[in-house]
>>> print(open('query.cif').read())   # mmCIF, C-alpha atoms and all ligand atoms
data_data
#
loop_
_atom_site.label_atom_id
_atom_site.label_comp_id
_atom_site.auth_asym_id
_atom_site.auth_seq_id
_atom_site.Cartn_x
_atom_site.Cartn_y
_atom_site.Cartn_z
CA MET V 1 57.54 78.66 132.32
CA GLY V 2 58.20 76.66 129.12
CA SER V 3 54.57 75.64 128.57
CA GLU V 4 53.33 79.22 128.96
CA ALA V 5 55.45 80.25 125.96
CA LEU V 6 53.46 77.77 123.78
CA LEU V 7 50.20 79.65 124.25
CA LYS V 8 51.45 83.21 124.51
CA PRO V 9 52.80 84.93 121.36
CA PRO V 10 56.20 86.49 121.93
CA GLU V 11 56.41 90.18 122.71
CA PRO V 12 58.01 92.04 121.05
CA PRO V 13 57.68 89.95 117.85
CA PRO V 14 60.95 88.65 116.38
CA ASP V 15 60.42 90.23 112.92
CA GLU V 16 63.36 92.60 113.18
CA ILE V 17 65.75 89.74 113.92
CA TYR V 18 64.57 87.81 110.86
CA ARG V 19 64.86 90.99 108.80
CA ILE V 20 68.53 91.38 109.73
CA VAL V 21 69.34 87.80 108.72
CA LEU V 22 67.22 87.92 105.55
CA HIS V 23 69.02 91.03 104.39
CA ALA V 24 72.40 89.36 104.94
CA GLN V 25 71.21 86.47 102.72
CA ALA V 26 69.74 88.88 100.19
CA PHE V 27 73.14 90.54 99.86
CA TYR V 28 74.54 87.29 98.41
CA VAL V 29 71.70 87.14 95.88
CA LEU V 30 72.46 90.69 94.72
CA ASP V 31 76.20 89.96 94.75
CA ALA V 32 75.76 86.91 92.48
CA ALA V 33 73.39 88.79 90.16
CA LEU V 34 75.88 91.63 89.74
CA GLU V 35 78.75 89.21 89.21
CA LEU V 36 76.75 87.57 86.40
CA ASP V 37 75.76 90.94 84.85
CA LEU V 38 72.18 89.74 85.22
CA PHE V 39 70.68 93.25 85.20
CA GLU V 40 72.39 94.06 81.88
CA ARG V 41 70.77 90.94 80.41
CA LEU V 42 67.34 91.69 81.83
CA LYS V 43 67.00 95.08 80.13
CA THR V 44 64.66 93.03 77.91
CA PRO V 45 62.32 90.35 79.36
CA LYS V 46 63.56 86.75 79.52
CA THR V 47 62.36 83.55 81.10
CA ALA V 48 64.59 81.95 83.75
CA GLY V 49 65.36 79.18 81.24
CA GLU V 50 66.52 81.65 78.57
CA LEU V 51 68.58 83.53 81.14
CA ALA V 52 70.18 80.34 82.47
CA GLY V 53 71.01 79.35 78.87
CA GLU V 54 72.82 82.68 78.31
CA LEU V 55 74.64 82.61 81.65
CA GLY V 56 75.45 78.89 81.70
CA THR V 57 73.82 78.61 85.15
CA ASP V 58 71.56 76.00 86.71
CA PRO V 59 67.99 76.71 85.41
CA ALA V 60 66.12 75.87 88.64
CA LEU V 61 68.46 77.90 90.86
CA THR V 62 68.37 80.76 88.34
CA GLU V 63 64.58 80.85 88.60
CA THR V 64 64.72 80.94 92.42
CA VAL V 65 67.30 83.72 92.31
CA CYS V 66 65.03 85.68 89.92
CA ASP V 67 62.06 85.16 92.25
CA ALA V 68 64.13 86.42 95.18
CA LEU V 69 65.23 89.46 93.15
CA ALA V 70 61.58 90.10 92.25
CA ALA V 71 60.62 89.89 95.93
CA LEU V 72 63.41 92.38 96.68
CA GLY V 73 61.90 94.79 94.15
CA LEU V 74 64.76 94.48 91.66
CA LEU V 75 62.95 92.48 88.94
CA LYS V 76 59.41 92.38 87.60
CA LYS V 77 57.84 89.05 86.62
CA ARG V 78 55.25 89.07 83.85
CA GLY V 79 53.86 85.98 82.17
CA GLY V 80 56.81 83.84 83.25
CA ALA V 81 59.44 86.35 82.04
CA TYR V 82 61.63 88.55 84.22
CA GLU V 83 62.87 92.07 83.50
CA ASN V 84 64.47 94.89 85.47
CA SER V 85 62.27 96.93 87.79
CA ALA V 86 62.54 100.73 87.79
CA LEU V 87 64.87 100.42 90.82
CA ALA V 88 67.30 98.10 89.03
CA SER V 89 67.13 100.17 85.83
CA ALA V 90 68.02 103.35 87.71
CA TYR V 91 70.87 102.08 89.87
CA LEU V 92 72.14 98.75 88.56
CA THR V 93 72.44 99.17 84.80
CA GLU V 94 75.16 100.84 82.74
CA GLY V 95 74.01 103.91 80.93
CA SER V 96 71.77 105.19 83.72
CA PRO V 97 73.05 108.52 85.14
CA TYR V 98 72.46 107.05 88.62
CA CYS V 99 74.26 103.74 88.00
CA MET V 100 75.95 102.64 91.27
CA LYS V 101 78.14 99.88 89.88
CA ASN V 102 81.47 101.17 91.16
CA LEU V 103 79.98 101.97 94.57
CA LEU V 104 78.53 98.47 94.79
CA ARG V 105 81.86 96.98 93.71
CA LEU V 106 83.50 98.67 96.73
CA MET V 107 80.69 97.75 99.11
CA ARG V 108 80.66 94.13 97.93
CA SER V 109 84.40 93.77 98.40
CA SER V 110 84.20 95.09 101.96
CA LEU V 111 81.20 92.86 102.73
CA ARG V 112 83.14 89.84 101.50
CA ASP V 113 86.61 90.62 102.84
CA ARG V 114 86.34 92.96 105.80
CA TRP V 115 83.02 92.51 107.57
CA PRO V 116 83.42 88.76 108.16
CA ARG V 117 86.47 89.69 110.25
CA LEU V 118 84.65 91.95 112.71
CA LEU V 119 85.18 89.44 115.51
CA ASP V 120 88.94 89.39 114.79
CA ALA V 121 89.00 93.18 114.99
CA LEU V 122 87.03 93.16 118.26
CA ARG V 123 89.53 90.71 119.71
CA GLY V 124 92.41 92.95 118.73
CA LYS V 125 93.65 91.09 115.63
CA PRO V 126 94.48 93.58 112.88
CA VAL V 127 92.24 93.50 109.81
CA GLY V 128 94.19 94.67 106.75
CA ALA V 129 92.74 97.72 105.04
CA GLY V 130 94.03 96.70 101.61
CA GLY V 131 95.21 99.34 99.17
CA ARG V 132 92.68 101.91 98.02
CA ASP V 133 92.36 102.34 94.25
CA PRO V 134 91.86 106.13 93.93
CA ARG V 135 90.02 105.75 90.62
CA LEU V 136 87.50 103.21 91.87
CA PHE V 137 87.06 105.10 95.15
CA THR V 138 86.47 108.46 93.45
CA LEU V 139 83.99 106.99 90.93
CA ALA V 140 82.21 105.22 93.78
CA VAL V 141 81.91 108.40 95.88
CA ALA V 142 80.64 110.26 92.80
CA GLU V 143 77.97 107.58 92.33
CA SER V 144 76.93 107.84 95.95
CA ALA V 145 76.62 111.64 95.55
CA LEU V 146 74.55 111.24 92.38
CA ALA V 147 72.37 108.57 93.95
CA GLY V 148 71.02 111.13 96.42
CA GLY V 149 73.76 112.27 98.81
CA LEU V 150 74.35 115.46 96.88
CA HIS V 151 70.75 116.52 96.28
CA GLY V 152 69.70 116.88 99.93
CA VAL V 153 72.83 118.88 100.72
CA VAL V 154 72.41 121.15 97.70
CA GLU V 155 68.78 121.79 98.74
CA VAL V 156 70.09 123.21 102.03
CA LEU V 157 72.98 125.13 100.44
CA ARG V 158 70.81 126.81 97.79
CA GLU V 159 69.02 128.74 100.57
CA ILE V 160 72.23 130.20 102.04
CA GLU V 161 72.23 133.92 101.20
CA ASP V 162 76.04 134.17 101.22
CA LEU V 163 76.27 131.67 98.38
CA LYS V 164 74.13 133.93 96.20
CA ARG V 165 76.89 136.59 96.46
CA ALA V 166 80.04 134.45 96.90
CA ARG V 167 82.64 134.56 94.11
CA ARG V 168 85.20 131.96 95.25
CA LEU V 169 84.37 128.65 96.92
CA LEU V 170 86.99 126.11 98.03
CA ASP V 171 85.69 122.52 97.86
CA LEU V 172 88.11 121.00 100.39
CA GLY V 173 88.58 117.28 99.66
CA GLY V 174 86.09 117.82 96.84
CA GLY V 175 86.95 114.41 95.29
CA HIS V 176 84.83 113.90 92.16
CA GLY V 177 83.95 117.63 92.01
CA LEU V 178 80.19 117.18 91.64
CA TYR V 179 79.32 119.42 94.60
CA SER V 180 81.30 122.18 92.88
CA VAL V 181 79.54 121.55 89.57
CA ALA V 182 76.10 121.64 91.21
CA LEU V 183 76.93 124.85 93.10
CA VAL V 184 78.31 126.77 90.13
CA LYS V 185 75.24 125.67 88.16
CA LEU V 186 73.02 127.16 90.88
CA PHE V 187 75.04 130.33 91.44
CA PRO V 188 76.12 131.96 88.17
CA GLN V 189 78.64 134.36 89.77
CA LEU V 190 80.49 131.56 91.60
CA HIS V 191 83.86 129.95 90.78
CA ALA V 192 84.63 126.70 92.63
CA TYR V 193 88.09 125.31 93.39
CA VAL V 194 88.16 121.54 93.90
CA LEU V 195 91.09 120.72 96.16
CA ASP V 196 92.14 117.08 96.40
CA LEU V 197 95.11 114.77 95.90
CA PRO V 198 96.54 114.81 92.33
CA GLU V 199 95.55 111.18 91.61
CA VAL V 200 91.95 111.93 92.63
CA LEU V 201 91.77 115.08 90.52
CA GLU V 202 92.73 113.08 87.39
CA VAL V 203 89.42 111.23 87.80
CA ALA V 204 87.57 114.40 88.88
CA ARG V 205 88.51 116.10 85.61
CA GLU V 206 86.79 113.28 83.66
CA ILE V 207 83.69 113.38 85.88
CA VAL V 208 83.43 117.18 85.80
CA SER V 209 83.75 117.23 82.02
CA ARG V 210 80.92 114.66 81.85
CA TYR V 211 78.53 116.56 84.15
CA GLY V 212 79.86 120.13 83.97
CA GLY V 213 78.35 121.16 80.61
CA ASP V 214 78.40 124.91 80.15
CA VAL V 215 79.76 125.70 83.64
CA ILE V 216 83.01 123.79 83.29
CA ASP V 217 85.08 126.99 82.95
CA ARG V 218 84.03 127.98 86.49
CA VAL V 219 85.28 124.75 88.09
CA HIS V 220 89.01 124.77 88.85
CA PHE V 221 91.31 122.08 90.24
CA VAL V 222 93.84 122.49 93.04
CA PRO V 223 96.06 119.43 93.49
CA ALA V 224 97.15 119.48 97.14
CA ASP V 225 97.20 117.65 100.44
CA PHE V 226 95.27 119.90 102.81
CA THR V 227 97.22 118.69 105.83
CA ARG V 228 100.60 119.61 104.34
CA ASP V 229 100.19 122.08 101.49
CA ASP V 230 99.06 125.66 101.13
CA ILE V 231 95.29 125.67 100.47
CA GLY V 232 95.20 129.22 99.09
CA SER V 233 93.36 132.26 100.39
CA GLY V 234 90.71 134.83 99.49
CA TYR V 235 87.79 132.37 99.57
CA ASP V 236 84.27 133.52 100.41
CA VAL V 237 83.17 129.98 101.26
CA VAL V 238 84.98 126.75 102.17
CA LEU V 239 82.96 123.54 101.87
CA ALA V 240 84.22 120.32 103.46
CA SER V 241 81.87 117.47 102.55
CA HIS V 242 82.70 113.99 103.89
CA SER V 243 86.40 114.88 103.70
CA LEU V 244 87.44 115.30 107.35
CA TYR V 245 86.63 111.81 108.67
CA GLY V 246 90.21 110.66 109.04
CA TYR V 247 91.25 113.81 110.89
CA ARG V 248 89.53 113.85 114.26
CA GLU V 249 92.85 114.42 116.03
CA ARG V 250 93.87 117.15 113.59
CA LEU V 251 90.56 119.01 113.29
CA ALA V 252 91.79 122.06 115.23
CA GLU V 253 94.83 122.47 112.99
CA ILE V 254 92.81 122.01 109.75
CA LEU V 255 90.09 124.42 110.87
CA ARG V 256 92.70 127.07 111.69
CA LYS V 257 94.03 126.65 108.16
CA VAL V 258 90.52 126.99 106.73
CA HIS V 259 89.97 130.11 108.87
CA ALA V 260 93.16 131.68 107.43
CA ALA V 261 92.08 130.83 103.87
CA LEU V 262 88.69 132.59 104.24
CA ASN V 263 87.97 136.27 103.72
CA GLY V 264 86.64 138.11 106.80
CA GLY V 265 82.90 137.44 106.98
CA GLY V 266 83.36 134.22 104.95
CA LEU V 267 81.59 130.91 105.63
CA PHE V 268 82.81 127.43 106.43
CA ILE V 269 80.28 124.70 105.62
CA SER V 270 80.80 121.18 106.93
CA ASN V 271 78.78 118.19 105.73
CA HIS V 272 79.55 114.94 107.55
CA ALA V 273 78.02 111.92 109.24
CA HIS V 274 78.70 112.22 112.96
CA LYS V 275 79.20 109.95 115.92
CA SER V 276 76.10 108.32 117.45
CA GLN V 277 73.78 109.45 114.65
CA GLY V 278 72.07 106.15 114.00
CA LEU V 279 72.78 102.84 112.30
CA ARG V 280 74.32 104.22 109.11
CA ALA V 281 76.83 106.32 111.00
CA SER V 282 77.73 103.47 113.39
CA LEU V 283 78.21 100.96 110.56
CA PHE V 284 80.26 103.47 108.56
CA GLU V 285 82.46 104.12 111.59
CA LEU V 286 82.83 100.41 112.27
CA GLN V 287 83.79 99.61 108.69
CA ILE V 288 86.71 102.03 108.86
CA ALA V 289 87.64 101.35 112.49
CA MET V 290 87.98 97.61 111.84
CA ALA V 291 90.91 98.32 109.57
CA ARG V 292 92.19 101.49 111.21
CA ARG V 293 92.56 101.04 114.94
CA GLY V 294 91.54 104.11 116.92
CA PHE V 295 89.41 105.59 114.13
CA SER V 296 86.19 107.23 115.21
CA LEU V 297 83.79 109.81 113.84
CA PHE V 298 83.66 113.17 115.55
CA SER V 299 80.40 114.38 117.09
CA VAL V 300 78.60 117.56 116.05
CA GLY V 301 79.38 119.02 119.49
CA GLU V 302 83.08 118.29 119.03
CA LEU V 303 83.10 119.95 115.61
CA MET V 304 81.38 123.02 117.03
CA SER V 305 83.91 123.27 119.88
CA ARG V 306 86.86 123.00 117.46
CA LEU V 307 85.24 125.63 115.19
CA ARG V 308 84.85 128.10 118.07
CA GLU V 309 88.44 127.47 119.18
CA ALA V 310 89.59 128.25 115.63
CA GLY V 311 87.78 131.62 115.73
CA PHE V 312 84.50 130.77 113.97
CA VAL V 313 80.97 131.63 115.05
CA VAL V 314 78.61 128.69 114.49
CA GLU V 315 75.48 130.00 112.74
CA ASP V 316 73.40 127.02 111.73
CA VAL V 317 73.06 123.25 111.95
CA ALA V 318 70.85 121.28 109.55
CA VAL V 319 70.23 117.55 109.38
CA VAL V 320 69.98 116.03 105.90
CA GLY V 321 67.96 112.81 105.65
CA GLY V 322 67.90 110.22 102.87
CA ALA V 323 69.95 107.10 102.31
CA TRP V 324 73.12 108.65 103.77
CA PRO V 325 72.03 111.03 106.53
CA SER V 326 74.48 113.79 107.37
CA THR V 327 74.65 117.05 109.29
CA ILE V 328 75.51 120.40 107.80
CA VAL V 329 77.21 122.86 110.15
CA VAL V 330 77.59 126.46 108.95
CA ALA V 331 80.16 128.69 110.70
CA ARG V 332 81.33 132.23 109.99
CA LYS V 333 84.74 133.85 110.24
CA PRO V 334 83.88 137.21 111.81
CA LEU V 335 84.74 140.43 109.94
CA GLN V 336 87.95 142.35 111.02
C1 LIG V 401 84.64 110.62 100.85
S1 LIG V 401 85.42 111.68 99.72
C2 LIG V 401 84.27 113.05 99.65
C3 LIG V 401 84.21 113.69 98.29
C4 LIG V 401 83.16 114.81 98.18
N1 LIG V 401 83.55 115.96 98.96
C5 LIG V 401 81.79 114.31 98.62
O1 LIG V 401 81.25 114.81 99.62
O2 LIG V 401 81.23 113.43 97.96
C6 LIG V 401 86.76 112.37 100.68
C7 LIG V 401 87.75 113.12 99.80
O3 LIG V 401 88.66 113.81 100.64
C8 LIG V 401 89.92 113.71 100.04
N2 LIG V 401 90.98 113.93 101.05
C9 LIG V 401 91.14 113.24 102.22
N3 LIG V 401 92.26 113.68 102.84
C10 LIG V 401 92.79 114.63 102.04
C11 LIG V 401 93.95 115.46 102.15
N4 LIG V 401 94.77 115.35 103.20
N5 LIG V 401 94.19 116.36 101.17
C12 LIG V 401 93.35 116.47 100.09
N6 LIG V 401 92.25 115.70 99.94
C13 LIG V 401 91.97 114.80 100.90
C14 LIG V 401 89.95 112.30 99.49
O4 LIG V 401 90.99 112.14 98.52
C15 LIG V 401 88.56 112.17 98.93
O5 LIG V 401 88.48 112.55 97.59
#
>>> encode(input="query.cif", output="structure tokens")
Amino acid sequence: MGSEALLKPPEPPPDEIYRIVLHAQAFYVLDAALELDLFERLKTPKTAGELAGELGTDPALTETVCDALAALGLLKKRGGAYENSALASAYLTEGSPYCMKNLLRLMRSSLRDRWPRLLDALRGKPVGAGGRDPRLFTLAVAESALAGGLHGVVEVLREIEDLKRARRLLDLGGGHGLYSVALVKLFPQLHAYVLDLPEVLEVAREIVSRYGGDVIDRVHFVPADFTRDDIGSGYDVVLASHSLYGYRERLAEILRKVHAALNGGGLFISNHAHKSQGLRASLFELQIAMARRGFSLFSVGELMSRLREAGFVVEDVAVVGGAWPSTIVVARKPLQ
């Protein structure tokens, strides 16, 4: 059996296994580069020697790191000098509207502190969640929306006829407020109400004033906890985007509250990653569940059942692709 393996190439080939390990190693290269602010320094071309001189790093290792970053598509090498690729310029440098630095700060800290303890979590040893800094978290979620999450969802929402007529939209757990800004930009008759915790809305006000431009007077802020406080009423649309993850056990109660807040004929629009929807969703679920025992995402079917129990009629389901795939579920509160 052993000698046959020498002459017969393996099937399937092991490429995918190498890819998994290579990407784990590549994370440390990116992590070190970000720690050193390397992409800020390579806005203009530099040789590895010049870069090492500025950073106080080992010249030979610096060159190998730059070669690895070039192979990853993050740097370009021309005539012995390195500079940022279009990818690094868009997402890894300050000043770009799509800069993901806060998001990467959060991801890097979980990759360093939480993920190495997966085995502990599997064996039942608690993995501390650590405190969440609402400012960093809200900026990070805004960056993830700007880096693509928002655009695919808005493409679907812009085709919904009700939104062309709606006057009041509640953005439930609206966080940074960018969904509200995008929607009031698209629909000139619409006022959006961003409901979130007071400490989150402090940051949202800054973000909305940066991106809101001439529509800022149609974006309003509602500091509240949607599990405990009144969420208002008279809305034509309620949007819940990535805000119901922690509430699988309380979905029925929250959806009844949303139902009561909507006008008859109004729409509830959910945008979430759901259980068993591929690698992204499983890794996202695992990252939270490691620190919060019992956490799990809810499935699309489960959401639809809870919606029907709360009195909604499910009208549409749309899958949004891209870096963070999600599913949009549209449900109506019947008239009367
Ligand atoms: C992942 S962020 C999503 C932000 C935005 N909707 C988006 O899709 O990018 C989840 C938001 O829900 C908010 N949230 C979670 N539970 C909440 C509650 N009980 N009351 C109000 N806001 C809540 C969080 O503070 C956070 O801003």
>>> residues_near_ligand(input="query.cif", ligand="ligand LIG 401 (chain V)", cutoff="10 Å", atoms="all atoms listed in the file", output="ChimeraX atom specification")
/V:134-135,137-146,149-150,153,171-180,194-201,203-204,222-229,231,239-247,254,270-272
>>> closest_atom_pairs(input="query.cif", of="region 236-265 of chain V", to="region 301-319 of chain V", cutoff="9 Å", atoms="all atoms listed in the file", output="tab-separated table")
residue	atom	partner	partner_atom	distance
V:Arg248	CA	V:Leu303	CA	9.0
V:Leu251	CA	V:Arg306	CA	6.9
V:Ala252	CA	V:Arg306	CA	5.5
V:Glu253	CA	V:Ala310	CA	8.2
V:Leu255	CA	V:Ala310	CA	6.1
V:Arg256	CA	V:Ala310	CA	5.2
V:Lys257	CA	V:Ala310	CA	8.8
V:His259	CA	V:Ala310	CA	7.0
>>> atom_distance(input="query.cif", atom1="CA of Leu190 (chain V)", atom2="CA of Arg210 (chain V)")
19.5 Å
>>> axis_aligned_box(input="query.cif", around="region 286-294 of chain V", padding_each_side="5 Å", output="lines of an AutoDock Vina configuration file")
center_x = 87.7
center_y = 100.9
center_z = 112.8
size_x = 19.7
size_y = 16.5
size_z = 18.2
>>> closest_residue(input="query.cif", among="V:Ala24, V:Pro59, V:Leu122, V:Ala129", to="Ala291 (chain V)", atoms="all atoms listed in the file")
V:Ala129
